[in-house]
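> Submitted below is the structure of interest, expressed as structure tokens.
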Amino acid sequence: GSEFASCRLEAVPLEFGDYHPLKPITVTESKTKKVSRKGSTSSTSSSSSNSMVDPLSSVLDGTDPLSMFAASADPAALAAAMDSSRKKRDKDENSIVGSDFEPWANKRGEILARYTTTEKLSINLFMGSEKGRAGTATSAMSEKVRTRLEELDDFEEGSQKELLNLTQQDYVNRIEELNQSLKDAWASDQKVKALKIVIQCSKLLSDTSVIQFYPSKFVLITDILDTFGKLVYERIFSMCVDSRSVLPDHFSPENTNDTAKETCLNWFFKIASIRELIPRFYVEASILKCNKFLSKTGISECLPRLTRMIRGIGDPLVSVYARAYLCRVGMEVAPHLKESLNKNFFDFLLTFKQIHGDTVQNQLVIQGVDLPSYLPLYSPAMDWIFQCISYHAPEALLTEMMERCKKLGNNALLLNSVMSAFRAEFIATRSMDFIGMIKECDESGFPKHLLFRSLGLNLALADPPESDRLQILNEAWKVITKLKNPQDYVNCAEVWVEYTCKHFTKREVNTVLADVIKHMTPDRAFEESYPQLQLIIKKVIAHFHDFSVLFSVEKFLPFLDMFQKESVRVEVCKCIMEAFIKHQQEPTKDPVILNALLHVCKTMHDSVNALTLEDEKRMLAYLINGFIKMVSFGRDFEQQLSFYVESRSMFCNLEPVLVQLIHSVNRLAMETRKVMKGNHSRKTAAFVRACVAYCFITIPSLAGIFTRLNLYLHSGQVALANQCLSQGNGNHILSFFSLPKGGLGRLCWVFDHPEHGVLFLVRELLNVIQDYTWEDNSDEKIRIYTCVLHLLAAMSQETFLYHIDKVDSNDSLYGGDSKFLAENNKLCETVMAQILEHLKTLARDEALKRQSLLGLSFFNSILAHGDLRNNKLNQLSVNLWHLAQRHGCADTRTMVKTLEYIKKRSKQPDMNHLTELALRLPLQTRT
């Protein structure tokens, strides 16, 4: 005992105010000596008459070790090394928790949107005094140290400026300005200013004057803290990277140099000097990760200390958000330290009764906020804390949480957070236990229907025991159906509809839909709840893939009638049709399905107007066509045609739907012919004519000229195949006069009109070609004339090359008659004259290439289709050959191959005349 007493430190009495460890250090200038050492540029020794020298004072100088370190390194190599190291580190840090952990970034937007206010806000800005800042610069170390320390101390004792009457948006803008100011200050190497901004922002988290805005304020301020923490960490990390080495992904304090450690300690000492608890806690928590540079156990030692520090925050709302921030930082840097996370939650439970204390209640009275509005402010923080605790937690932890909730009297707010955080499988297996706890909850601050909603969200993800399912639904719906507020009701009903569809039959689903209609119809409450009602429809459709069952649900169509806003009604109809197209596997003729879907498709069609976008029209047409394709009445062809007729009248404003109907009717006509197997009774023929007439009437209503052409051709072929000669000819005639580029070969099928003379259609076609307005510098007109020559050559044969079964063509009528051939030859001469006239117009420098190509093409046509024993035709072909080569524009390889073909063909029987022709076709050289 005596020895102990002699070794005990001497107690020195100090009066209050004489000394404080956080007061500025008084420095007197003395001899200064630079000492070279690894990791720093200089060291300053000073003596003080009344205080110890701060060993970290040197790093407060403007030329801190990091600046000198960065300046001495090769900038390009250093940047590359840092970038590579950062990428590796980010990849490693992002893999600390799995993708099944919902990040904070996903929650912040929802919080900002939910917790808003119309009240005026204020910001207290601690600007610091300006004394001594305009003086002349001095290089004395003591002055620099004093200035840097005074800046921090002056910040807390300096002038205060308060911005009043800010709107919420003004407040957000001001916070964003501070965030940008922080980045700018850091970029300009003003580290003290950056720290001052962070402290200033952190202090705002102690202000609950507009309490309903506090969760959003927390989100905005912690964004700034996150920025600061990242900047500090990257700053220190960069000191451990140079052009020769890169810090490993899982580095230890042994891998860091003295400069990095010294700078890191300096930051923690600066933060420790912050006098107020809340900013000191938040700023240290923001750079918690930097402990990795100092000690392997630094983070595990700091987390419990920071957890205990929160106990000094008196306001329960402020403290729970502080715990949420610490849990967030903890999950980022050390998610394996579960004990610290659990300790935060248990500490919160111990102080939870403060919510009902006089201090909080008086504050709520002053602000005019009731308890049901106040308690939900805790939800974002509590939900996050529970999410961190429950991440990969064993099921036993849920049991412990439930027991603690029971001890607190089954507080509804805590119970809701538990159900929101733990795995749905754990909650589902204990559904009846949770229902029992919900029944015993006090509804004064947190209504029971929100608890049932949270339970329903879990049951949508996991199945409860089968024996409990009906009882669970009855207990939940007993509470939901008594809700008077339509918005509260539909928010819960929307969740439990999915549970009902998943586990029960259409009878229970019909009961639920009837109850929703009953609650949402009075005072047109449905108009305020379209999003929730849409979700109900989507969930019902998702579980009923048999549409005959779906549409037999009595209240389904009356439920659709509640969507009276056109845009919403159309979206719902689109969802129904998308589900039908996806899940309907077999064609149907069920009248229940047809009537219901015709009504749905009609609703979509009628929404089309002059302002409807083309993409929207295409989507609607795609859905309606999907329905049309799935309708089949089997061999009841008349009923099928009646359906197409009705559809045409209902969907006349969507051209793609009309096109689909025409194709369907053509297929129907061909199917009828195939089924009847040539038995063309009057009834069958009349039906086919009805199909052809359907197409003949519908095609002119289409706007697209190419679409009309193709459909006329297709419909004409179908008509002729079914021996409907007049309809077939009519469709073919219309196809050629819809567009001059029609398939001319099909005219071989069409016989001439008895009252208009031979080759009437060809003459009319040539008139159309002549009158058509062609593009400048286009040779399409001549190419079509060439095709007409091919047609006339084919029609000059005694027997045409192809026919339609049981349909006579012109060869049956004329059969190589001399008068017919004479008319044919006259048309050939007319067409050839037009081609030659066009070739003359191409005798210009810029058109010589076109003249050569067209001349050779015309030569090949004569060679393939003409009788070259005719002297005039033979001479014309020789002239064309020379024309193609005249200006050196012809392709020599093509000309050689063509000549070889003529010589080869001349060796065939009756082709001796080609030998003489080949001798008259020289190949010009380009030498």
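We name chains A, B, ... following the order of the structure tokens; residues begin at 1 in each chain, and ligands are numbered from 1 as shown.
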Report the residues of region 423-671 of chain A whose backbone DSSP state falls under alpha helix (DSSP H), written as a VMD selection string.
chain A and resid 424 to 429 431 to 439 448 to 459 469 to 480 486 to 503 506 to 520 530 to 543 547 to 550 556 to 560 566 to 583 591 to 606 614 to 629 637 to 650 655 to 671
> Of the candidates A:Pro279, A:Pro486, A:Gly816, A:Pro558, which shows the shortest atom-to-atom distance to Gln200 (chain A), using only C-alpha atoms?
A:Pro279
> So which one's closest to Leu848 (chain A), A:Gln885, A:Ser861, A:Ser286, A:Asn173? Using only C-alpha atoms, please.
A:Gln885
> Could you list, as a PyMOL selection string, every residue within 9 Å of region 866-872 of chain A, counting only C-alpha atoms and ignoring same-chain residues fewer than 4 positions away?
chain A and resi 793+861-862+876-877+913-914+917
> Please identify every residue of region 548-597 of chain A that has at least one atom no farther than 8 Å from an atom of region 612-629 of chain A, counting only C-alpha atoms, and for each give the shortest atom pair and the distance in Å to one decimal, arranged by chain then increasing number, as a Markdown table.

```
| residue | atom | partner | partner_atom | distance |
| --- | --- | --- | --- | --- |
| A:Lys574 | CA | A:Leu623 | CA | 7.4 |
| A:Met577 | CA | A:Leu623 | CA | 6.0 |
| A:Glu578 | CA | A:Leu623 | CA | 6.8 |
| A:Phe580 | CA | A:Phe627 | CA | 7.8 |
| A:Ile581 | CA | A:Gly626 | CA | 6.0 |
| A:Pro587 | CA | A:Lys629 | CA | 7.8 |
| A:Leu597 | CA | A:Phe627 | CA | 7.8 |
```
> Would you put the residues from that selection into a file with all heavy atoms, as a PDB file, in the first residue's frame?

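Saved as selection.pdb:
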```pdb
ATOM      1  N   LYS A 574     -54.746  -4.162 -72.089  1.00  0.00           N
ATOM      2  CA  LYS A 574     -53.507  -4.659 -72.678  1.00  0.00           C
ATOM      3  C   LYS A 574     -52.900  -5.767 -71.822  1.00  0.00           C
ATOM      4  O   LYS A 574     -52.389  -6.765 -72.353  1.00  0.00           O
ATOM      5  CB  LYS A 574     -52.513  -3.507 -72.851  1.00  0.00           C
ATOM      6  CG  LYS A 574     -52.873  -2.571 -73.995  1.00  0.00           C
ATOM      7  CD  LYS A 574     -52.150  -1.238 -73.919  1.00  0.00           C
ATOM      8  CE  LYS A 574     -50.679  -1.353 -74.086  1.00  0.00           C
ATOM      9  NZ  LYS A 574     -50.020  -0.024 -74.125  1.00  0.00           N
ATOM     10  N   MET A 577     -54.861  -8.963 -72.513  1.00  0.00           N
ATOM     11  CA  MET A 577     -54.568  -9.559 -73.815  1.00  0.00           C
ATOM     12  C   MET A 577     -53.153 -10.139 -73.859  1.00  0.00           C
ATOM     13  O   MET A 577     -52.922 -11.175 -74.488  1.00  0.00           O
ATOM     14  CB  MET A 577     -54.736  -8.512 -74.917  1.00  0.00           C
ATOM     15  CG  MET A 577     -56.170  -8.070 -75.139  1.00  0.00           C
ATOM     16  SD  MET A 577     -57.329  -9.434 -75.309  1.00  0.00           S
ATOM     17  CE  MET A 577     -56.615 -10.350 -76.658  1.00  0.00           C
ATOM     18  N   GLU A 578     -52.210  -9.507 -73.205  1.00  0.00           N
ATOM     19  CA  GLU A 578     -50.847 -10.046 -73.161  1.00  0.00           C
ATOM     20  C   GLU A 578     -50.837 -11.398 -72.450  1.00  0.00           C
ATOM     21  O   GLU A 578     -50.157 -12.338 -72.887  1.00  0.00           O
ATOM     22  CB  GLU A 578     -49.918  -9.063 -72.453  1.00  0.00           C
ATOM     23  CG  GLU A 578     -49.569  -7.832 -73.291  1.00  0.00           C
ATOM     24  CD  GLU A 578     -48.845  -6.772 -72.493  1.00  0.00           C
ATOM     25  OE1 GLU A 578     -48.679  -6.968 -71.262  1.00  0.00           O
ATOM     26  OE2 GLU A 578     -48.442  -5.749 -73.069  1.00  0.00           O
ATOM     27  N   PHE A 580     -53.415 -13.437 -72.234  1.00  0.00           N
ATOM     28  CA  PHE A 580     -54.118 -14.393 -73.097  1.00  0.00           C
ATOM     29  C   PHE A 580     -53.191 -14.937 -74.177  1.00  0.00           C
ATOM     30  O   PHE A 580     -53.116 -16.142 -74.419  1.00  0.00           O
ATOM     31  CB  PHE A 580     -55.337 -13.714 -73.721  1.00  0.00           C
ATOM     32  CG  PHE A 580     -56.093 -14.590 -74.688  1.00  0.00           C
ATOM     33  CD1 PHE A 580     -56.971 -15.551 -74.221  1.00  0.00           C
ATOM     34  CD2 PHE A 580     -55.902 -14.464 -76.056  1.00  0.00           C
ATOM     35  CE1 PHE A 580     -57.663 -16.375 -75.098  1.00  0.00           C
ATOM     36  CE2 PHE A 580     -56.585 -15.281 -76.945  1.00  0.00           C
ATOM     37  CZ  PHE A 580     -57.479 -16.236 -76.469  1.00  0.00           C
ATOM     38  N   ILE A 581     -52.465 -14.056 -74.842  1.00  0.00           N
ATOM     39  CA  ILE A 581     -51.557 -14.489 -75.909  1.00  0.00           C
ATOM     40  C   ILE A 581     -50.447 -15.381 -75.352  1.00  0.00           C
ATOM     41  O   ILE A 581     -50.023 -16.346 -75.991  1.00  0.00           O
ATOM     42  CB  ILE A 581     -50.966 -13.254 -76.620  1.00  0.00           C
ATOM     43  CG1 ILE A 581     -52.070 -12.504 -77.373  1.00  0.00           C
ATOM     44  CG2 ILE A 581     -49.847 -13.643 -77.565  1.00  0.00           C
ATOM     45  CD1 ILE A 581     -51.627 -11.177 -77.955  1.00  0.00           C
ATOM     46  N   PRO A 587     -56.515 -23.075 -79.841  1.00  0.00           N
ATOM     47  CA  PRO A 587     -57.592 -22.206 -80.348  1.00  0.00           C
ATOM     48  C   PRO A 587     -58.884 -22.442 -79.578  1.00  0.00           C
ATOM     49  O   PRO A 587     -59.127 -23.540 -79.054  1.00  0.00           O
ATOM     50  CB  PRO A 587     -57.728 -22.646 -81.809  1.00  0.00           C
ATOM     51  CG  PRO A 587     -56.411 -23.259 -82.156  1.00  0.00           C
ATOM     52  CD  PRO A 587     -55.920 -23.907 -80.899  1.00  0.00           C
ATOM     53  N   LEU A 597     -63.397 -11.114 -74.488  1.00  0.00           N
ATOM     54  CA  LEU A 597     -62.214 -10.560 -75.145  1.00  0.00           C
ATOM     55  C   LEU A 597     -62.583  -9.629 -76.290  1.00  0.00           C
ATOM     56  O   LEU A 597     -61.824  -8.707 -76.609  1.00  0.00           O
ATOM     57  CB  LEU A 597     -61.314 -11.687 -75.630  1.00  0.00           C
ATOM     58  CG  LEU A 597     -60.627 -12.495 -74.518  1.00  0.00           C
ATOM     59  CD1 LEU A 597     -59.660 -13.507 -75.099  1.00  0.00           C
ATOM     60  CD2 LEU A 597     -59.895 -11.595 -73.536  1.00  0.00           C
TER      61      LEU A 597
END
```
> Env of Thr786 (chain A): 10 Å cut, atoms = only C-alpha atoms, seq-sep filter 5 positions within chain, self excluded. Answer as a list in words.
Glu780, Lys781, Leu791, Leu792, Cys828, Val831, Met832, Ile835, Leu854, Ser857, Phe858, Ser861 and Ile862 of chain A
> Excluding Ala493 (chain A) and its own-chain neighbours fewer than 3 positions away, which residues fall within 12 Å of it when counting only C-alpha atoms? Please give them as JSON, numbers by chain.
{"A": [449, 450, 452, 453, 454, 456, 457, 473, 476, 477, 478, 479, 480, 481, 482, 483, 486, 487, 488, 489, 490, 496, 497, 498, 499, 500, 509, 511, 512, 513, 514, 515, 516, 517, 519, 520, 529, 532, 533, 535, 536, 537, 539]}
> Create the file for the chosen residues now, containing C-alpha atoms and written as a short mmCIF file (atom, residue, chain, number, x, y, z; two decimals), in the first residue's frame.

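result_23.cif written:
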```cif
data_model
loop_
_atom_site.label_atom_id
_atom_site.label_comp_id
_atom_site.auth_asym_id
_atom_site.auth_seq_id
_atom_site.Cartn_x
_atom_site.Cartn_y
_atom_site.Cartn_z
CA HIS A 449 -54.11 -3.13 -40.94
CA LEU A 450 -50.52 -2.09 -41.72
CA PHE A 452 -51.61 -7.39 -41.78
CA ARG A 453 -50.31 -5.80 -44.96
CA SER A 454 -46.72 -6.59 -43.95
CA GLY A 456 -49.48 -10.45 -46.51
CA LEU A 457 -46.34 -9.29 -48.32
CA LEU A 473 -57.24 -15.49 -44.70
CA ALA A 476 -56.80 -11.01 -42.03
CA TRP A 477 -59.91 -10.24 -44.06
CA LYS A 478 -61.93 -9.81 -40.86
CA VAL A 479 -59.75 -6.78 -40.10
CA ILE A 480 -59.38 -5.52 -43.68
CA THR A 481 -63.09 -5.50 -44.53
CA LYS A 482 -63.85 -3.28 -41.52
CA LEU A 483 -61.58 -0.48 -42.72
CA PRO A 486 -60.86 3.41 -48.94
CA GLN A 487 -57.14 4.05 -49.40
CA ASP A 488 -56.22 2.02 -46.33
CA TYR A 489 -58.58 -0.72 -47.46
CA VAL A 490 -57.29 -1.03 -51.02
CA TRP A 496 -54.09 -10.23 -49.83
CA VAL A 497 -55.67 -10.75 -53.26
CA GLU A 498 -52.46 -12.46 -54.33
CA TYR A 499 -52.57 -14.76 -51.31
CA THR A 500 -56.19 -15.64 -52.13
CA VAL A 509 -61.43 -14.84 -55.41
CA THR A 511 -65.78 -13.02 -52.85
CA VAL A 512 -62.68 -10.85 -52.49
CA LEU A 513 -63.38 -8.97 -55.74
CA ALA A 514 -66.98 -8.39 -54.68
CA ASP A 515 -65.76 -6.93 -51.39
CA VAL A 516 -63.34 -4.62 -53.20
CA ILE A 517 -66.13 -3.38 -55.49
CA HIS A 519 -65.70 -0.67 -50.70
CA MET A 520 -64.39 1.27 -53.71
CA SER A 529 -56.86 4.11 -56.32
CA GLN A 532 -53.74 -0.51 -56.55
CA LEU A 533 -56.74 -1.73 -58.57
CA LEU A 535 -52.19 -4.46 -59.30
CA ILE A 536 -55.20 -6.50 -58.22
CA ILE A 537 -56.11 -7.25 -61.84
CA LYS A 539 -52.30 -10.59 -59.72
#
```
